[in-house]
>>> print(open('protein.cif').read())   # mmCIF, C-alpha atoms and all ligand atoms
data_run
#
loop_
_atom_site.label_atom_id
_atom_site.label_comp_id
_atom_site.auth_asym_id
_atom_site.auth_seq_id
_atom_site.Cartn_x
_atom_site.Cartn_y
_atom_site.Cartn_z
CA MET L 492 -3.66 117.44 125.27
CA ASN L 493 -6.68 119.54 126.03
CA GLU L 494 -8.98 119.73 122.98
CA LEU L 495 -10.66 122.87 124.27
CA CYS L 496 -9.13 126.24 125.14
CA PRO L 497 -9.71 126.63 128.90
CA ASN L 498 -9.96 130.37 128.42
CA CYS L 499 -12.04 131.06 125.29
CA TYR L 500 -13.45 127.54 124.80
CA SER L 501 -12.24 127.49 121.18
CA ARG L 502 -11.83 123.99 119.69
CA ASN L 503 -9.46 125.27 116.95
CA ARG L 504 -5.92 126.39 117.90
CA LEU L 505 -6.01 128.88 114.99
CA THR L 506 -9.22 130.50 116.20
CA ARG L 507 -8.90 132.75 119.24
CA ASN L 508 -12.27 133.90 120.55
CA TYR L 509 -12.89 137.24 122.22
CA VAL L 510 -13.03 136.99 125.98
CA HIS L 511 -13.91 139.46 128.70
CA VAL L 512 -10.88 140.40 130.77
CA PRO L 513 -11.72 141.66 134.28
CA GLY L 514 -11.13 145.42 134.49
CA PHE L 515 -11.56 145.96 130.75
CA ARG L 516 -14.84 147.04 129.15
CA GLU L 517 -14.05 145.75 125.65
CA PRO L 518 -13.52 142.03 125.08
CA SER L 519 -10.02 141.11 123.88
CA LEU L 520 -8.68 138.17 121.88
CA CYS L 521 -7.79 135.13 123.94
CA THR L 522 -4.06 134.96 124.71
CA ASP L 523 -4.13 131.53 126.33
CA HIS L 524 -1.00 129.35 125.68
CA TRP L 525 -3.33 126.50 124.67
CA HIS L 526 -3.32 127.97 121.16
CA ASP L 527 0.50 128.15 120.94
CA GLU L 528 1.04 124.65 122.29
CA HIS L 529 -1.19 123.16 119.65
CA GLU L 530 0.47 125.19 116.93
CA SER L 531 3.92 123.85 117.78
CA GLU L 532 2.53 120.32 118.00
CA ASP L 533 1.00 120.79 114.55
CA THR L 534 4.28 122.09 113.14
CA GLU L 535 6.11 119.03 114.46
CA ARG L 536 3.52 116.80 112.81
CA VAL L 537 4.02 118.61 109.46
CA ILE L 538 7.82 118.33 109.75
CA ARG L 539 7.52 114.60 110.48
CA ALA L 540 5.25 114.20 107.43
CA ILE L 541 7.74 116.08 105.23
CA HIS L 542 10.56 113.83 106.47
CA LYS L 543 8.48 110.77 105.63
CA VAL L 544 7.74 112.09 102.12
CA PHE L 545 11.45 112.82 101.66
CA GLU L 546 12.37 109.25 102.70
CA VAL L 547 9.87 107.84 100.19
CA LEU L 548 11.26 110.10 97.42
CA VAL L 549 14.80 108.89 98.13
CA GLU L 550 13.51 105.32 97.97
CA ILE L 551 11.75 105.98 94.64
CA ARG L 552 14.89 107.61 93.23
CA GLY L 553 16.85 104.51 94.20
CA ILE L 554 14.35 102.26 92.44
CA LEU L 555 14.29 104.35 89.24
CA LYS L 556 18.07 104.82 88.97
CA PRO L 557 19.37 102.45 86.25
CA ARG L 558 21.48 99.72 87.79
CA LEU L 559 23.16 96.67 86.33
CA THR L 560 21.01 93.57 86.87
CA SER L 561 22.36 91.20 84.20
CA ALA L 562 25.14 91.05 81.62
CA ILE L 563 25.90 89.16 78.42
CA LEU L 564 29.43 88.03 77.64
CA LYS L 565 30.36 87.31 74.01
CA LEU L 566 33.63 86.21 72.49
CA LYS L 567 33.83 88.21 69.27
CA ASP L 568 33.68 85.99 66.21
CA ILE L 569 31.42 85.15 63.30
CA GLU L 570 31.26 81.47 64.15
CA MET L 571 29.97 80.45 67.55
CA PRO L 572 31.55 79.15 69.61
CA LYS L 573 34.83 80.84 68.80
CA THR L 574 37.73 78.58 67.88
CA VAL L 575 41.39 79.61 68.07
CA ASN L 576 44.81 78.04 67.96
CA ILE L 577 47.22 78.04 70.90
CA GLY L 578 48.80 81.47 71.24
CA GLU L 579 45.91 83.22 69.52
CA THR L 580 43.52 85.55 71.31
CA ALA L 581 39.79 86.14 71.54
CA GLN L 582 38.18 89.45 72.54
CA ALA L 583 35.49 89.14 75.22
CA VAL L 584 32.80 91.84 75.12
CA ILE L 585 30.27 92.44 77.91
CA THR L 586 26.85 94.02 77.39
CA GLY L 587 25.30 95.22 80.67
CA ILE L 588 21.50 95.25 81.11
CA ASP L 589 19.64 97.37 83.69
CA GLN L 590 16.49 96.52 85.68
CA ASN L 591 14.31 97.82 82.80
CA GLY L 592 16.05 95.70 80.16
CA SER L 593 17.96 98.65 78.68
CA PRO L 594 21.70 98.49 77.96
CA ILE L 595 23.87 100.06 80.66
CA ALA L 596 27.51 100.90 80.05
CA LEU L 597 30.16 99.64 82.45
CA ASP L 598 32.87 102.04 83.58
CA ALA L 599 35.74 102.13 86.05
CA THR L 600 33.31 102.09 89.01
CA TYR L 601 32.59 98.42 88.21
CA THR L 602 35.01 95.61 88.96
CA VAL L 603 35.11 92.75 86.44
CA ALA L 604 36.69 89.38 87.30
CA TYR L 605 37.01 86.86 84.47
CA GLN L 606 36.75 83.13 85.04
CA ALA L 607 37.06 79.96 82.92
CA SER L 608 35.75 76.42 83.46
CA ASN L 609 39.30 75.23 82.71
CA PRO L 610 41.42 78.10 84.06
CA ALA L 611 44.75 76.54 83.03
CA ASP L 612 43.85 76.55 79.33
CA VAL L 613 43.51 80.33 78.95
CA SER L 614 45.03 83.50 80.35
CA PHE L 615 43.15 86.76 80.83
CA GLY L 616 44.44 90.28 80.38
CA THR L 617 43.47 93.17 82.63
CA PRO L 618 39.79 93.99 81.91
CA ASN L 619 39.15 97.36 80.22
CA ALA L 620 36.87 99.95 81.87
CA ASP L 621 33.95 98.77 79.71
CA GLY L 622 34.51 95.21 80.97
CA SER L 623 35.96 93.85 77.72
CA ASN L 624 39.08 91.71 77.90
CA THR L 625 41.58 89.77 75.85
CA VAL L 626 41.56 85.99 76.33
CA THR L 627 44.71 84.17 75.22
CA ALA L 628 44.63 80.46 74.33
CA VAL L 629 47.28 78.57 76.32
CA ALA L 630 46.42 74.87 76.00
CA PRO L 631 44.11 72.72 73.84
CA ASP L 632 40.51 72.67 75.03
CA THR L 633 37.40 71.27 73.35
CA GLY L 634 35.28 73.93 75.10
CA ASP L 635 36.44 76.33 77.79
CA VAL L 636 33.43 78.16 79.23
CA ILE L 637 34.27 81.84 79.80
CA SER L 638 32.23 84.17 82.03
CA ALA L 639 32.79 87.12 84.35
CA ILE L 640 31.60 88.33 87.73
CA ILE L 641 30.83 92.06 87.77
CA THR L 642 30.81 93.93 91.08
CA ARG L 643 28.57 97.00 90.94
CA PRO L 644 29.53 100.27 92.67
CA ASP L 645 27.06 99.34 95.46
CA GLY L 646 28.88 96.04 96.04
CA GLN L 647 26.22 93.77 94.52
CA GLN L 648 27.54 91.13 92.13
CA VAL L 649 26.19 90.19 88.71
CA THR L 650 27.43 87.13 86.81
CA THR L 651 27.48 87.40 83.02
CA THR L 652 26.18 84.77 80.66
CA SER L 653 28.97 82.55 79.37
CA ASP L 654 30.53 81.92 75.97
CA THR L 655 32.66 78.98 74.89
CA LEU L 656 36.21 79.13 73.58
CA THR L 657 37.53 76.11 71.67
CA ILE L 658 41.31 75.83 71.46
CA ASN L 659 42.72 73.62 68.70
CA ALA L 660 45.41 71.11 69.54
CA PRO L 661 48.65 71.76 67.65
CA ALA L 662 48.62 69.96 64.30
CA VAL L 663 50.46 66.62 64.49
CA PRO L 664 52.75 66.20 61.41
CA VAL L 665 51.31 63.68 58.99
CA LEU L 666 52.80 62.41 55.71
CA THR L 667 51.10 64.08 52.79
CA SER L 668 53.71 63.73 49.99
CA ALA L 669 57.20 62.36 49.35
CA THR L 670 59.99 62.78 46.85
CA LEU L 671 62.39 60.12 45.58
CA VAL L 672 65.93 60.99 44.49
CA LEU L 673 68.47 58.58 42.96
CA GLN L 674 71.92 59.16 44.40
ZN ZN L 701 -8.44 130.61 123.77
#
>>> encode(input="protein.cif", output="structure tokens", more="lines below")
Ligand SMILES: [Zn+2]
Amino acid sequence: MNELCPNCYSRNRLTRNYVHVPGFREPSLCTDHWHDEHESEDTERVIRAIHKVFEVLVEIRGILKPRLTSAILKLKDIEMPKTVNIGETAQAVITGIDQNGSPIALDATYTVAYQASNPADVSFGTPNADGSNTVTAVAPDTGDVISAIITRPDGQQVTTTSDTLTINAPAVPVLTSATLVLQ
């Protein structure tokens, strides 16, 4: 692109110099298209810059938006690990953590899949919207490790920490007392 107006010799597209037009006594402002061409080129450059700024803002918004990055799974009980008898239940509670270390609540937009190190020894209910679930003891286990895989709305998966469920074996009858009757 020409950096100089061929008509008025201006170097700035916004500045139109006065030029003498043959047949006219008074000089008039340059009407050369050189000025217009550069203006439209400048406008395109500004639009491209605005688009770039917009893209960066969208990127920043994505970074700042709280998203689940880790999660803690706990089987509710005073004693840890939790111990139950066959047929009894434990309540699993999940605490979600975002990229800044703050708690983030799970809702129906997350999918939670429970898993156990010994799957046959427990059964899981349908997880609630907040990710909590009921774990039912099915068979004796000295330590069944329970965790969950959470799928975020964006499809990324986060695995919770695990907690251990101990399931007591049914008590075997043992002699503790006896009566004697004369017949
Ligand atoms: Zn000019």
>>> closest_residue(input="protein.cif", among="L:Val510, L:Ile551, L:Cys521, L:Leu656", to="ligand ZN 701 (chain L)", atoms="all atoms listed in the file")
L:Cys521
>>> residues_near_ligand(input="protein.cif", ligand="ligand ZN 701 (chain L)", cutoff="7 Å", atoms="all atoms listed in the file", output="ChimeraX atom specification")
/L:496-501,507-508,521-523,525-526
>>> closest_residue(input="protein.cif", among="L:Val584, L:Phe545, L:Arg504, L:His511", to="Asp533 (chain L)", atoms="all atoms listed in the file")
L:Arg504
>>> residues_around(input="protein.cif", residues="Ser623 (chain L)", least_positions_apart="6", cutoff="8 Å", atoms="only C-alpha atoms", output="ChimeraX atom specification")
/L:582-585
>>> atom_distance(input="protein.cif", atom1="CA of Ile595 (chain L)", atom2="CA of Leu559 (chain L)")
6.6 Å
>>> decode(input="protein.cif", residues="region 517-663 of chain L", atoms="C-alpha atoms", output="compact mmCIF listing (two decimals), in the first residue's frame")
# COMPACT_ATOMS: atom_id res chain seq x y z
CA GLU L 517 -9.24 28.35 -4.54
CA PRO L 518 -7.46 25.20 -3.38
CA SER L 519 -9.81 22.39 -2.29
CA LEU L 520 -9.37 19.46 0.10
CA CYS L 521 -7.86 16.37 -1.47
CA THR L 522 -10.52 13.82 -2.46
CA ASP L 523 -8.10 11.07 -3.45
CA HIS L 524 -9.29 7.48 -2.66
CA TRP L 525 -5.91 6.84 -1.01
CA HIS L 526 -7.39 8.28 2.19
CA ASP L 527 -10.49 6.04 2.09
CA GLU L 528 -8.55 2.87 1.34
CA HIS L 529 -6.34 3.37 4.35
CA GLU L 530 -9.32 4.14 6.55
CA SER L 531 -11.02 0.85 5.70
CA GLU L 532 -7.75 -1.02 6.20
CA ASP L 533 -7.43 0.62 9.61
CA THR L 534 -10.99 -0.32 10.53
CA GLU L 535 -10.31 -3.95 9.64
CA ARG L 536 -7.22 -3.89 11.84
CA VAL L 537 -9.27 -2.50 14.77
CA ILE L 538 -11.98 -5.14 14.26
CA ARG L 539 -9.35 -7.90 14.21
CA ALA L 540 -7.85 -6.50 17.44
CA ILE L 541 -11.29 -6.41 19.10
CA HIS L 542 -11.89 -10.04 18.07
CA LYS L 543 -8.55 -11.02 19.58
CA VAL L 544 -9.36 -9.21 22.85
CA PHE L 545 -12.76 -10.95 22.91
CA GLU L 546 -11.11 -14.37 22.44
CA VAL L 547 -8.73 -13.66 25.33
CA LEU L 548 -11.64 -12.54 27.56
CA VAL L 549 -13.52 -15.77 26.82
CA GLU L 550 -10.36 -17.70 27.69
CA ILE L 551 -9.96 -15.78 30.97
CA ARG L 552 -13.61 -16.37 31.85
CA GLY L 553 -13.07 -20.09 31.29
CA ILE L 554 -10.05 -20.09 33.59
CA LEU L 555 -11.81 -18.15 36.37
CA LYS L 556 -15.07 -20.14 36.29
CA PRO L 557 -15.08 -22.54 39.28
CA ARG L 558 -14.78 -26.11 38.08
CA LEU L 559 -14.45 -29.39 39.93
CA THR L 560 -10.80 -30.48 40.09
CA SER L 561 -10.83 -32.92 43.03
CA ALA L 562 -13.31 -34.55 45.39
CA ILE L 563 -13.27 -36.20 48.80
CA LEU L 564 -15.44 -39.23 49.52
CA LYS L 565 -16.31 -40.04 53.13
CA LEU L 566 -18.43 -42.81 54.59
CA LYS L 567 -20.33 -41.10 57.38
CA ASP L 568 -19.36 -42.44 60.79
CA ILE L 569 -17.58 -41.40 63.95
CA GLU L 570 -15.06 -44.22 63.77
CA MET L 571 -12.88 -44.50 60.70
CA PRO L 572 -12.97 -46.68 58.79
CA LYS L 573 -16.67 -47.38 59.05
CA THR L 574 -17.69 -50.86 60.14
CA VAL L 575 -21.12 -52.39 59.51
CA ASN L 576 -22.82 -55.75 59.65
CA ILE L 577 -24.20 -57.53 56.60
CA GLY L 578 -27.46 -55.91 55.55
CA GLU L 579 -26.58 -52.58 57.14
CA THR L 580 -25.87 -49.44 55.15
CA ALA L 581 -23.30 -46.65 55.09
CA GLN L 582 -23.92 -43.18 53.65
CA ALA L 583 -21.21 -41.96 51.26
CA VAL L 584 -20.80 -38.18 51.08
CA ILE L 585 -18.75 -36.37 48.42
CA THR L 586 -17.15 -32.95 48.90
CA GLY L 587 -16.15 -31.35 45.58
CA ILE L 588 -13.16 -28.97 45.42
CA ASP L 589 -12.59 -26.40 42.65
CA GLN L 590 -9.31 -25.25 41.07
CA ASN L 591 -8.89 -22.62 43.83
CA GLY L 592 -9.37 -25.11 46.67
CA SER L 593 -12.90 -23.90 47.47
CA PRO L 594 -15.81 -26.31 47.93
CA ILE L 595 -18.01 -26.72 44.86
CA ALA L 596 -21.44 -28.30 45.05
CA LEU L 597 -22.32 -31.16 42.73
CA ASP L 598 -25.69 -31.12 41.00
CA ALA L 599 -27.57 -33.08 38.36
CA THR L 600 -25.18 -31.85 35.63
CA TYR L 601 -22.50 -34.15 37.10
CA THR L 602 -22.53 -37.92 36.68
CA VAL L 603 -21.28 -39.96 39.64
CA ALA L 604 -20.29 -43.62 39.27
CA TYR L 605 -19.46 -45.52 42.47
CA GLN L 606 -16.88 -48.28 42.57
CA ALA L 607 -15.53 -50.74 45.18
CA SER L 608 -12.26 -52.68 45.36
CA ASN L 609 -14.41 -55.77 46.05
CA PRO L 610 -17.58 -55.02 44.07
CA ALA L 611 -19.37 -58.22 45.11
CA ASP L 612 -19.29 -57.32 48.81
CA VAL L 613 -21.40 -54.15 48.55
CA SER L 614 -24.29 -52.78 46.52
CA PHE L 615 -24.76 -49.13 45.61
CA GLY L 616 -27.98 -47.19 45.36
CA THR L 617 -28.62 -44.55 42.71
CA PRO L 618 -26.40 -41.54 43.54
CA ASN L 619 -28.25 -38.38 44.67
CA ALA L 620 -27.80 -35.10 42.76
CA ASP L 621 -25.17 -33.97 45.29
CA GLY L 622 -23.22 -37.18 44.63
CA SER L 623 -24.04 -38.86 47.96
CA ASN L 624 -25.11 -42.48 47.93
CA THR L 625 -26.20 -45.38 50.09
CA VAL L 626 -23.78 -48.32 50.28
CA THR L 627 -25.30 -51.61 51.47
CA ALA L 628 -23.11 -54.34 52.99
CA VAL L 629 -23.67 -57.64 51.17
CA ALA L 630 -20.80 -59.93 52.19
CA PRO L 631 -18.05 -59.94 54.85
CA ASP L 632 -15.04 -57.81 53.95
CA THR L 633 -12.05 -56.79 56.06
CA GLY L 634 -11.75 -53.56 54.04
CA ASP L 635 -13.68 -52.67 50.90
CA VAL L 636 -12.23 -49.50 49.38
CA ILE L 637 -15.05 -47.24 48.12
CA SER L 638 -14.53 -44.36 45.67
CA ALA L 639 -16.38 -42.66 42.84
CA ILE L 640 -15.64 -41.27 39.40
CA ILE L 641 -17.33 -37.92 38.76
CA THR L 642 -17.90 -36.76 35.19
CA ARG L 643 -18.08 -32.96 34.96
CA PRO L 644 -20.53 -31.20 32.62
CA ASP L 645 -17.60 -30.62 30.21
CA GLY L 646 -16.89 -34.36 30.09
CA GLN L 647 -13.69 -34.30 32.17
CA GLN L 648 -13.49 -36.95 34.88
CA VAL L 649 -12.44 -36.51 38.50
CA THR L 650 -11.83 -39.49 40.81
CA THR L 651 -12.66 -38.97 44.47
CA THR L 652 -10.44 -39.96 47.35
CA SER L 653 -11.45 -43.32 48.79
CA ASP L 654 -12.83 -44.48 52.13
CA THR L 655 -12.86 -47.99 53.55
CA LEU L 656 -15.91 -50.00 54.56
CA THR L 657 -15.40 -52.98 56.86
CA ILE L 658 -18.18 -55.56 56.85
CA ASN L 659 -18.37 -57.90 59.84
CA ALA L 660 -18.78 -61.61 59.26
CA PRO L 661 -21.99 -62.98 60.78
CA ALA L 662 -21.42 -64.05 64.37
CA VAL L 663 -20.77 -67.80 64.63
